[in-house]
$ cat coords.txt   # compact mmCIF, C-alpha atoms
# COMPACT_ATOMS: atom_id res chain seq x y z
CA MET A 360 -5.55 -20.57 -0.43
CA THR A 361 -8.11 -18.01 0.63
CA ARG A 362 -8.85 -17.18 4.24
CA ASN A 363 -11.54 -19.85 4.42
CA GLY A 364 -9.14 -22.45 3.06
CA LEU A 365 -10.85 -22.83 -0.32
CA LEU A 366 -9.03 -22.06 -3.54
CA LYS A 367 -10.96 -19.97 -6.05
CA PRO A 368 -11.45 -21.87 -9.32
CA VAL A 369 -9.66 -19.20 -11.32
CA ALA A 370 -6.78 -19.22 -8.86
CA LEU A 371 -6.53 -23.01 -8.99
CA ILE A 372 -6.40 -23.00 -12.78
CA ALA A 373 -3.80 -20.22 -12.78
CA ALA A 374 -1.72 -22.05 -10.19
CA LEU A 375 -1.69 -25.26 -12.17
CA MET A 376 -0.84 -23.45 -15.41
CA GLY A 377 2.00 -21.54 -13.78
CA THR A 378 3.43 -24.57 -12.03
CA ILE A 379 3.52 -26.54 -15.27
CA ALA A 380 5.18 -23.64 -17.09
CA LEU A 381 7.81 -23.07 -14.42
CA ASN A 382 8.60 -26.74 -14.00
CA GLY A 383 9.06 -27.01 -17.73
CA CYS A 384 11.38 -24.07 -18.17
CA SER A 385 14.38 -26.38 -18.69
CA GLU A 386 12.63 -27.96 -21.68
CA SER A 387 10.91 -24.91 -23.11
CA ASN A 388 11.89 -21.31 -23.77
CA SER A 389 8.44 -20.10 -22.80
CA LEU A 390 7.86 -19.09 -19.17
CA THR A 391 4.62 -18.21 -17.41
CA LEU A 392 4.20 -16.20 -14.21
CA ARG A 393 1.05 -15.24 -12.34
CA ILE A 394 0.94 -11.65 -11.09
CA GLY A 395 -1.84 -9.87 -9.28
CA ALA A 396 -3.21 -7.50 -6.66
CA GLY A 397 -6.38 -7.14 -4.67
CA HIS A 398 -6.94 -3.58 -5.85
CA PRO A 399 -7.91 -2.98 -9.49
CA ALA A 400 -5.53 -1.54 -12.05
CA GLY A 401 -6.82 1.82 -13.19
CA PRO A 402 -8.12 3.30 -9.92
CA SER A 403 -5.11 2.10 -7.88
CA VAL A 404 -1.75 3.58 -8.84
CA TYR A 405 0.44 0.65 -7.79
CA ALA A 406 -1.69 -1.92 -9.61
CA THR A 407 -1.79 0.30 -12.68
CA GLN A 408 2.00 0.49 -12.75
CA MET A 409 2.24 -3.28 -12.40
CA ARG A 410 0.05 -3.66 -15.46
CA ASP A 411 1.39 -0.76 -17.52
CA TYR A 412 5.09 -0.73 -16.59
CA PHE A 413 6.34 -3.82 -14.77
CA VAL A 414 4.69 -6.52 -16.89
CA PRO A 415 5.48 -5.05 -20.34
CA GLU A 416 9.01 -4.03 -19.35
CA VAL A 417 9.92 -7.48 -17.98
CA THR A 418 8.33 -9.06 -21.06
CA ARG A 419 10.26 -6.79 -23.40
CA ARG A 420 13.61 -7.24 -21.71
CA VAL A 421 13.36 -11.02 -21.37
CA GLU A 422 12.62 -11.30 -25.08
CA ALA A 423 15.35 -8.83 -26.06
CA GLU A 424 18.11 -10.02 -23.72
CA THR A 425 17.59 -13.78 -23.32
CA ASP A 426 16.62 -16.86 -25.27
CA TYR A 427 13.33 -16.99 -23.37
CA THR A 428 9.90 -15.46 -23.70
CA ILE A 429 7.68 -14.75 -20.72
CA ASN A 430 3.93 -14.67 -20.40
CA PHE A 431 2.15 -13.08 -17.45
CA VAL A 432 -1.23 -14.28 -16.24
CA GLU A 433 -2.53 -11.07 -14.70
CA GLY A 434 -5.16 -10.91 -11.97
CA TYR A 435 -5.96 -7.50 -10.53
CA GLY A 436 -9.00 -6.31 -8.61
CA GLY A 437 -9.25 -9.50 -6.55
CA SER A 438 -9.75 -11.82 -9.53
CA ILE A 439 -7.18 -14.19 -8.01
CA ALA A 440 -6.75 -12.88 -4.46
CA GLN A 441 -8.59 -10.19 -2.50
CA VAL A 442 -6.77 -7.30 -0.81
CA ALA A 443 -6.32 -9.24 2.44
CA GLU A 444 -5.32 -12.49 0.72
CA VAL A 445 -2.35 -11.53 -1.44
CA LEU A 446 0.42 -12.22 1.09
CA GLU A 447 -0.91 -15.75 1.56
CA ALA A 448 -1.46 -16.17 -2.19
CA VAL A 449 2.21 -15.41 -2.84
CA GLN A 450 3.30 -17.57 0.06
CA ASN A 451 1.30 -20.54 -1.22
CA GLY A 452 2.31 -20.04 -4.85
CA ILE A 453 -1.16 -19.14 -6.08
CA LEU A 454 0.50 -15.93 -7.24
CA ASP A 455 4.15 -15.86 -8.26
CA ILE A 456 4.22 -12.07 -7.86
CA GLY A 457 1.79 -10.04 -5.80
CA ALA A 458 1.48 -6.54 -4.45
CA TYR A 459 -0.53 -5.56 -1.41
CA CYS A 460 -1.02 -2.97 1.29
CA VAL A 461 0.65 -4.04 4.50
CA CYS A 462 -2.28 -2.37 6.26
CA PHE A 463 -4.30 -5.53 5.56
CA GLU A 464 -1.77 -7.66 7.46
CA PRO A 465 -1.87 -5.96 10.88
CA ALA A 466 -0.59 -9.05 12.70
CA LYS A 467 1.81 -10.73 10.29
CA LEU A 468 3.34 -7.50 8.98
CA PHE A 469 2.74 -5.34 12.03
CA LEU A 470 6.05 -3.48 11.85
CA HIS A 471 5.93 -3.01 8.08
CA ASN A 472 3.21 -0.48 8.87
CA PHE A 473 5.78 1.86 10.43
CA SER A 474 4.80 4.86 8.28
CA TYR A 475 1.18 4.54 9.46
CA TYR A 476 2.36 4.67 13.06
CA VAL A 477 3.84 8.18 12.69
CA PRO A 478 1.11 10.45 11.27
CA PHE A 479 1.54 13.94 9.81
CA GLY A 480 4.70 12.93 7.98
CA PRO A 481 5.98 13.93 4.51
CA GLN A 482 3.25 15.17 2.21
CA ASP A 483 5.11 14.39 -1.02
CA SER A 484 4.81 10.80 -2.26
CA VAL A 485 8.26 10.67 -3.89
CA GLN A 486 9.92 11.92 -0.72
CA ALA A 487 7.97 9.45 1.42
CA MET A 488 9.02 6.56 -0.84
CA LYS A 489 12.70 7.55 -0.73
CA ILE A 490 12.62 7.65 3.06
CA ALA A 491 10.87 4.30 3.32
CA ARG A 492 13.47 2.75 1.01
CA ILE A 493 16.26 4.03 3.28
CA VAL A 494 14.55 2.45 6.28
CA TYR A 495 14.25 -0.89 4.45
CA GLU A 496 17.92 -0.80 3.50
CA LYS A 497 19.06 0.08 7.00
CA HIS A 498 16.93 -2.60 8.61
CA PRO A 499 17.13 -5.91 6.70
CA TRP A 500 14.88 -7.44 9.35
CA LEU A 501 11.94 -6.15 7.28
CA THR A 502 12.92 -8.08 4.15
CA ASP A 503 14.22 -11.09 6.07
CA GLN A 504 10.86 -11.51 7.79
CA LEU A 505 9.12 -11.80 4.44
CA THR A 506 11.56 -14.49 3.30
CA ASP A 507 11.92 -16.42 6.54
CA LEU A 508 8.26 -16.54 7.57
CA TYR A 509 6.29 -16.10 4.35
CA ASP A 510 8.49 -17.61 1.61
CA GLN A 511 8.65 -14.50 -0.53
CA GLN A 512 11.24 -11.98 -1.60
CA LEU A 513 10.68 -8.25 -1.57
CA LEU A 514 10.85 -6.88 -5.12
CA ALA A 515 9.81 -3.28 -4.56
CA ILE A 516 8.04 -0.95 -2.18
CA ASN A 517 5.26 1.40 -3.11
CA GLY A 518 2.74 3.35 -1.10
CA TRP A 519 -0.13 5.80 -1.00
CA ASP A 520 -0.33 9.52 -1.49
CA ASN A 521 -1.26 12.03 1.20
CA TYR A 522 -4.22 11.06 3.37
CA HIS A 523 -7.10 13.50 3.88
CA LEU A 524 -10.69 13.13 5.04
CA GLY A 525 -13.79 12.94 2.86
CA THR A 526 -17.31 13.11 4.32
CA THR A 527 -20.87 12.93 3.08
CA ASP A 528 -21.83 16.03 5.06
CA PRO A 529 -20.01 19.30 5.73
CA TRP A 530 -18.38 19.93 9.10
CA ASP A 531 -17.04 23.10 10.65
CA SER A 532 -15.43 21.96 13.88
CA ILE A 533 -13.97 18.79 15.36
CA ASP A 534 -17.08 18.48 17.50
CA ASP A 535 -19.12 17.98 14.32
CA LEU A 536 -17.23 14.72 13.68
CA ARG A 537 -18.03 13.09 17.01
CA GLY A 538 -20.02 9.92 16.48
CA VAL A 539 -19.59 10.07 12.68
CA LYS A 540 -18.73 6.70 11.09
CA ILE A 541 -15.49 6.87 9.06
CA GLY A 542 -14.00 4.03 7.04
CA GLY A 543 -10.28 3.37 6.86
CA ALA A 544 -7.58 0.79 6.31
CA GLY A 545 -6.85 -0.29 9.88
CA PRO A 546 -3.53 1.16 11.07
CA ASN A 547 -4.73 4.67 10.18
CA LEU A 548 -7.96 4.47 12.17
CA PRO A 549 -6.28 5.58 15.44
CA TRP A 550 -5.58 8.92 13.73
CA LEU A 551 -9.30 9.63 14.08
CA GLU A 552 -9.53 9.17 17.85
CA TYR A 553 -8.89 12.87 18.45
CA ALA A 554 -12.05 13.76 16.53
CA GLY A 555 -14.15 11.23 18.43
CA VAL A 556 -15.37 9.53 15.26
CA VAL A 557 -16.49 5.93 15.02
CA PRO A 558 -13.68 4.23 13.04
CA VAL A 559 -14.59 1.30 10.79
CA GLN A 560 -12.13 -1.12 9.19
CA SER A 561 -12.80 -1.47 5.48
CA ALA A 562 -11.21 -1.53 2.02
CA LEU A 563 -11.29 0.70 -1.04
CA PRO A 564 -13.52 -1.51 -3.22
CA ASP A 565 -16.28 -1.26 -0.57
CA GLY A 566 -16.18 2.49 -0.08
CA TYR A 567 -18.57 3.88 -2.69
CA LEU A 568 -21.56 1.72 -1.84
CA ALA A 569 -20.93 1.98 1.90
CA MET A 570 -21.11 5.78 1.81
CA GLN A 571 -23.92 5.85 -0.73
CA THR A 572 -26.09 3.68 1.53
CA GLY A 573 -25.10 5.37 4.78
CA VAL A 574 -23.09 2.51 6.23
CA TYR A 575 -20.27 5.03 6.65
CA ASP A 576 -20.40 8.82 6.68
CA GLY A 577 -16.91 9.35 5.35
CA TRP A 578 -13.60 7.89 4.35
CA LEU A 579 -9.98 8.48 5.28
CA MET A 580 -8.44 8.51 1.83
CA PHE A 581 -5.78 10.03 -0.44
CA PRO A 582 -6.73 12.14 -3.50
CA SER A 583 -5.73 9.70 -6.26
CA ALA A 584 -8.08 6.99 -5.01
CA TYR A 585 -10.76 9.33 -3.71
CA TYR A 586 -11.26 10.58 -7.25
CA SER A 587 -10.58 7.31 -9.10
CA TYR A 588 -13.07 5.39 -6.98
CA LYS A 589 -15.58 8.26 -7.35
CA PHE A 590 -15.94 8.68 -3.62
CA HIS A 591 -16.66 12.36 -4.24
CA GLU A 592 -20.08 11.43 -5.59
CA PRO A 593 -21.57 10.13 -2.31
CA ALA A 594 -19.15 12.16 -0.12
CA PRO A 595 -18.30 15.49 -1.80
CA HIS A 596 -16.79 17.25 1.22
CA TYR A 597 -13.01 16.74 1.16
CA THR A 598 -10.92 18.31 3.92
CA LEU A 599 -7.17 18.60 3.44
CA ILE A 600 -5.71 17.45 6.76
CA GLY A 601 -2.34 16.10 5.60
CA PHE A 602 -1.90 12.95 7.63
CA GLY A 603 0.97 12.18 5.25
CA ALA A 604 1.95 10.06 2.28
CA MET A 605 2.59 6.44 3.26
CA GLY A 606 5.88 5.33 1.71
CA GLY A 607 6.33 1.57 1.93
CA ALA A 608 2.68 0.94 2.79
CA VAL A 609 2.44 -1.20 -0.36
CA ILE A 610 4.98 -3.87 -1.21
CA MET A 611 5.47 -6.11 -4.23
CA THR A 612 6.89 -9.55 -3.49
CA MET A 613 7.66 -12.77 -5.33
CA ASN A 614 7.37 -16.34 -4.16
CA THR A 615 10.92 -17.43 -3.33
CA GLU A 616 10.66 -20.79 -5.07
CA SER A 617 9.10 -19.24 -8.17
CA LEU A 618 12.01 -16.81 -8.42
CA GLN A 619 14.64 -19.47 -7.91
CA ARG A 620 13.13 -21.72 -10.59
CA LEU A 621 13.69 -19.09 -13.25
CA PRO A 622 16.87 -18.91 -15.34
CA GLU A 623 19.43 -16.60 -13.75
CA GLU A 624 19.24 -14.02 -16.52
CA VAL A 625 15.46 -13.79 -16.10
CA GLN A 626 15.83 -13.44 -12.34
CA ARG A 627 18.25 -10.57 -12.90
CA ILE A 628 15.84 -8.77 -15.22
CA ILE A 629 12.94 -9.10 -12.78
CA LEU A 630 15.03 -7.67 -9.94
CA GLU A 631 16.34 -4.81 -12.08
CA VAL A 632 12.91 -3.89 -13.43
CA SER A 633 11.57 -4.01 -9.88
CA GLN A 634 14.01 -1.27 -8.89
CA ASP A 635 12.88 0.88 -11.81
CA PHE A 636 9.24 0.08 -11.01
CA GLU A 637 9.73 1.50 -7.54
CA LYS A 638 10.96 4.83 -8.92
CA VAL A 639 8.37 5.02 -11.71
CA SER A 640 5.58 4.18 -9.27
CA ALA A 641 6.69 6.86 -6.81
CA GLN A 642 6.48 9.49 -9.52
CA ALA A 643 3.13 8.16 -10.68
CA LEU A 644 1.90 8.27 -7.11
CA GLU A 645 2.74 11.95 -6.73
CA ALA A 646 1.25 12.71 -10.13
CA GLY A 647 -1.87 10.85 -9.02
CA GLN A 648 -2.04 12.95 -5.89
CA LEU A 649 -1.82 16.26 -7.76
CA GLY A 650 -4.10 15.08 -10.54
CA GLY A 651 -6.59 13.68 -8.07
CA LEU A 652 -6.94 17.00 -6.29
CA GLU A 653 -7.36 18.84 -9.56
CA ASN A 654 -9.95 16.36 -10.79
CA LEU A 655 -11.85 16.56 -7.54
CA ARG A 656 -12.07 20.33 -7.89
CA ASN A 657 -13.13 20.06 -11.52
CA THR A 658 -15.91 17.58 -10.72
CA GLY A 659 -17.51 19.69 -8.04
CA ALA A 660 -16.03 18.28 -4.83
CA ILE A 661 -16.03 20.81 -2.00
CA ILE A 662 -12.39 21.09 -0.91
CA ARG A 663 -11.14 23.03 2.08
CA GLU A 664 -7.98 23.09 4.17
CA LEU A 665 -8.00 22.32 7.85
CA PRO A 666 -6.86 25.38 9.86
CA GLU A 667 -3.23 24.93 10.93
CA ASN A 668 -3.97 25.37 14.63
CA VAL A 669 -6.49 22.51 14.46
CA ARG A 670 -3.97 20.35 12.61
CA VAL A 671 -1.36 21.01 15.30
CA ASP A 672 -3.84 20.17 18.04
CA TRP A 673 -4.74 17.00 16.17
CA GLY A 674 -1.06 16.10 15.92
CA ASN A 675 -0.49 16.77 19.61
CA SER A 676 -3.30 14.37 20.46
CA LEU A 677 -1.27 11.62 18.76
CA THR A 678 2.10 12.43 20.32
CA ASP A 679 2.29 9.10 22.16
CA PHE A 680 0.94 6.96 19.32
CA PRO A 681 4.29 6.16 17.61
CA ASN A 682 5.87 5.08 20.88
CA GLU A 683 2.86 2.95 21.77
CA MET A 684 3.20 1.16 18.44
CA ALA A 685 6.95 0.77 18.91
CA GLN A 686 6.43 -0.85 22.31
CA ASP A 687 3.69 -3.07 20.89
CA ALA A 688 6.12 -4.26 18.22
CA ASN A 689 8.82 -4.83 20.84
CA GLU A 690 6.44 -7.07 22.77
CA ARG A 691 5.92 -9.07 19.56
CA ASN A 692 9.70 -9.69 19.45
CA MET A 693 10.08 -7.23 16.60
CA PRO A 694 12.63 -4.35 16.56
CA GLY A 695 9.87 -1.77 16.96
CA SER A 696 11.74 1.02 18.73
CA GLU A 697 14.71 0.68 16.41
CA ILE A 698 12.75 0.87 13.15
CA ILE A 699 10.17 3.49 14.12
CA ARG A 700 12.86 5.71 15.62
CA SER A 701 14.91 5.29 12.46
CA TYR A 702 11.93 6.31 10.32
CA ILE A 703 11.37 9.47 12.37
CA GLU A 704 15.06 10.35 12.13
CA GLU A 705 15.21 9.79 8.37
CA VAL A 706 12.20 12.05 7.88
CA GLU A 707 13.98 14.76 9.86
CA LYS A 708 17.15 14.29 7.81
CA SER A 709 15.13 14.89 4.65
CA GLY A 710 14.35 18.39 5.84
CA TYR A 711 10.71 17.76 6.64
CA GLN A 712 9.60 19.07 10.02
CA TRP A 713 7.15 17.09 12.09
CA PRO A 714 4.32 19.22 13.50
CA VAL A 715 4.81 17.47 16.88
CA ASN A 716 7.76 15.99 18.73
CA TYR A 717 7.63 12.20 18.66
CA VAL A 718 9.83 10.41 21.20
CA ILE A 719 10.51 6.66 21.06
CA ASP A 720 11.65 4.86 24.22

$ encode --input "coords.txt" --output "structure tokens"
Amino acid sequence: MTRNGLLKPVALIAALMGTIALNGCSESNSLTLRIGAGHPAGPSVYATQMRDYFVPEVTRRVEAETDYTINFVEGYGGSIAQVAEVLEAVQNGILDIGAYCVCFEPAKLFLHNFSYYVPFGPQDSVQAMKIARIVYEKHPWLTDQLTDLYDQQLLAINGWDNYHLGTTDPWDSIDDLRGVKIGGAGPNLPWLEYAGVVPVQSALPDGYLAMQTGVYDGWLMFPSAYYSYKFHEPAPHYTLIGFGAMGGAVIMTMNTESLQRLPEEVQRIILEVSQDFEKVSAQALEAGQLGGLENLRNTGAIIRELPENVRVDWGNSLTDFPNEMAQDANERNMPGSEIIRSYIEEVEKSGYQWPVNYVID
């Protein structure tokens, strides 16, 4: 169901089709699963890899290794569920498999946003994904919460590449940003407090028009999407700040009942391909980051690097932010201090050096 409790017609039809197909898998060798994401395939790396790697690879392996065939009903770009509806769509069975940014579930998946709570982390997407995977493996609470509360199993984690700041107008000093309206995903908006901007919660599909019409004056966004969504057209000034790549900020899950209904050999293939999808997507994410920067330069975007001393000052202004989020999670009866401290430690073990010293109580 959507947030207003009404099922979209296309989602209702897809749900009925999928339910019939799954319920009939004992009598038929043909299986149908619904898969989707709120972001569109093409501009969004994770959705693109769902379409171009996960779906065809599962289809190929099921046909090659079992007596079954599998058909995916694909719904990207919000055609079945919008960016803030996918968790519920998977939970309710509207989608059998869905992927979504945990940033759009600030209450339900508060602690899954752990990478957002520690800014200026690893700049490399592959490294950030590896670290996030370690945190998930060390703290099964994260996966158990998805199963116990939201009836879905974690298939894979994904994320975003390195966050920088794009603006419609040039700026030379932090003072120039005061009062400027900047769009973002929610958990990253506190990063902007140091600059005194006016943070606005929004989503990628809304960005172009919002900046074109002056609703926002800029966007906190990573290179792959900044170029793919053509944000450089209304906002050509792109400043490399390096808030960090967000490993684990996107997750792909499957409705628990939908998974259990499948033949065991098909379940195995889905879980195995999910592991490969995670690795392939991490590499695609980093390639998207490098390619996005190059494409931005080639299309006339004005790119500059933030002076290191300003970046350090910006980081120092957020020294207490990770601990504040850890304590907030603790108050929600979540293991906030444990998981956020673990993330910081795993980043340090990787050899990456934080620009500031974060301490978790």

$ closest_residue --input "coords.txt" --among "A:Pro595, A:Gly397, A:Gly436, A:Gly710" --to "Ile661 (chain A)" --atoms "only C-alpha atoms"
A:Pro595

$ atom_distance --input "coords.txt" --atom1 "CA of Pro593 (chain A)" --atom2 "CA of Tyr567 (chain A)"
6.9 Å

$ residues_around --input "coords.txt" --residues "region 460-470 of chain A" --least-positions-apart "5" --cutoff "6 Å" --atoms "all atoms listed in the file" --output "VMD selection string"
chain A and resid 443 608 to 609

$ atom_distance --input "coords.txt" --atom1 "CA of Phe636 (chain A)" --atom2 "CA of Phe413 (chain A)"
6.1 Å

$ closest_residue --input "coords.txt" --among "A:Gly543, A:Gly606, A:Gly695, A:Pro415" --to "Ile493 (chain A)" --atoms "only C-alpha atoms"
A:Gly606

$ residues_around --input "coords.txt" --residues "Thr502 (chain A)" --least-positions-apart "5" --cutoff "8 Å" --atoms "only C-alpha atoms" --output "list in words"
Tyr495, Gln512 and Leu513 of chain A

$ residues_around --input "coords.txt" --residues "Ser640 (chain A)" --least-positions-apart "5" --cutoff "7 Å" --atoms "only C-alpha atoms" --output "list in words"
Tyr405, Gln408 and Asn517 of chain A

$ write_last_selection --input "coords.txt" --atoms "C-alpha atoms" --output "short mmCIF file (atom, residue, chain, number, x, y, z; two decimals), in the coordinates of the input"
data_model
loop_
_atom_site.label_atom_id
_atom_site.label_comp_id
_atom_site.auth_asym_id
_atom_site.auth_seq_id
_atom_site.Cartn_x
_atom_site.Cartn_y
_atom_site.Cartn_z
CA TYR A 405 0.44 0.65 -7.79
CA GLN A 408 2.00 0.49 -12.75
CA ASN A 517 5.26 1.40 -3.11
#

$ atom_distance --input "coords.txt" --atom1 "CA of Val477 (chain A)" --atom2 "CA of Ser583 (chain A)"
21.3 Å

$ residues_near_point --input "coords.txt" --point "(-2.5, -9.2, -9.1)" --cutoff "9 Å" --atoms "all atoms listed in the file" --output "VMD selection string"
chain A and resid 393 to 400 406 409 to 410 432 to 440 445 454 456 to 459

$ residues_around --input "coords.txt" --residues "Trp673 (chain A)" --least-positions-apart "5" --cutoff "10 Å" --atoms "all atoms listed in the file" --output "mmCIF file with C-alpha atoms, keeping the file's coordinate frame"
data_model
loop_
_atom_site.group_PDB
_atom_site.id
_atom_site.type_symbol
_atom_site.label_atom_id
_atom_site.label_comp_id
_atom_site.auth_asym_id
_atom_site.auth_seq_id
_atom_site.Cartn_x
_atom_site.Cartn_y
_atom_site.Cartn_z
ATOM 1 C CA PHE A 479 1.540 13.940 9.810
ATOM 2 C CA ILE A 533 -13.970 18.790 15.360
ATOM 3 C CA TRP A 550 -5.580 8.920 13.730
ATOM 4 C CA LEU A 551 -9.300 9.630 14.080
ATOM 5 C CA GLU A 552 -9.530 9.170 17.850
ATOM 6 C CA TYR A 553 -8.890 12.870 18.450
ATOM 7 C CA ALA A 554 -12.050 13.760 16.530
ATOM 8 C CA ILE A 600 -5.710 17.450 6.760
ATOM 9 C CA PHE A 602 -1.900 12.950 7.630
ATOM 10 C CA GLU A 667 -3.230 24.930 10.930
ATOM 11 C CA ASN A 668 -3.970 25.370 14.630
ATOM 12 C CA THR A 678 2.100 12.430 20.320
ATOM 13 C CA PRO A 714 4.320 19.220 13.500
ATOM 14 C CA VAL A 715 4.810 17.470 16.880
#

$ closest_residue --input "coords.txt" --among "A:Asn472, A:Val442, A:Glu637, A:Val625" --to "Ser561 (chain A)" --atoms "all atoms listed in the file"
A:Val442

$ closest_atom_pairs --input "coords.txt" --of "region 572-634 of chain A" --to "region 505-509 of chain A" --cutoff "9 Å" --atoms "only C-alpha atoms" --output "Markdown table"
| residue | atom | partner | partner_atom | distance |
| --- | --- | --- | --- | --- |
| A:Thr612 | CA | A:Leu505 | CA | 8.5 |
| A:Asn614 | CA | A:Tyr509 | CA | 8.6 |
| A:Thr615 | CA | A:Thr506 | CA | 7.3 |

$ write_last_selection --input "coords.txt" --atoms "C-alpha atoms" --output "mmCIF file, keeping the file's coordinate frame"
data_model
loop_
_atom_site.group_PDB
_atom_site.id
_atom_site.type_symbol
_atom_site.label_atom_id
_atom_site.label_comp_id
_atom_site.auth_asym_id
_atom_site.auth_seq_id
_atom_site.Cartn_x
_atom_site.Cartn_y
_atom_site.Cartn_z
ATOM 1 C CA THR A 612 6.890 -9.550 -3.490
ATOM 2 C CA ASN A 614 7.370 -16.340 -4.160
ATOM 3 C CA THR A 615 10.920 -17.430 -3.330
#

$ residues_around --input "coords.txt" --residues "Glu664 (chain A)" --least-positions-apart "4" --cutoff "12 Å" --atoms "all atoms listed in the file" --output "list in words"
His523, Leu524, Gly525, Trp530, Asp531, His596, Tyr597, Thr598, Leu599, Ile600, Gly601, Asn668, Val669 and Arg670 of chain A

$ residues_near_point --input "coords.txt" --point "(6.8, 7.8, -2.6)" --cutoff "9 Å" --atoms "all atoms listed in the file" --output "number ranges by chain"
A: 483-491, 516-520, 604-607, 637-638, 640-645

$ closest_residue --input "coords.txt" --among "A:Asp534, A:Ser676, A:Gly480, A:Ala515" --to "Tyr711 (chain A)" --atoms "all atoms listed in the file"
A:Gly480
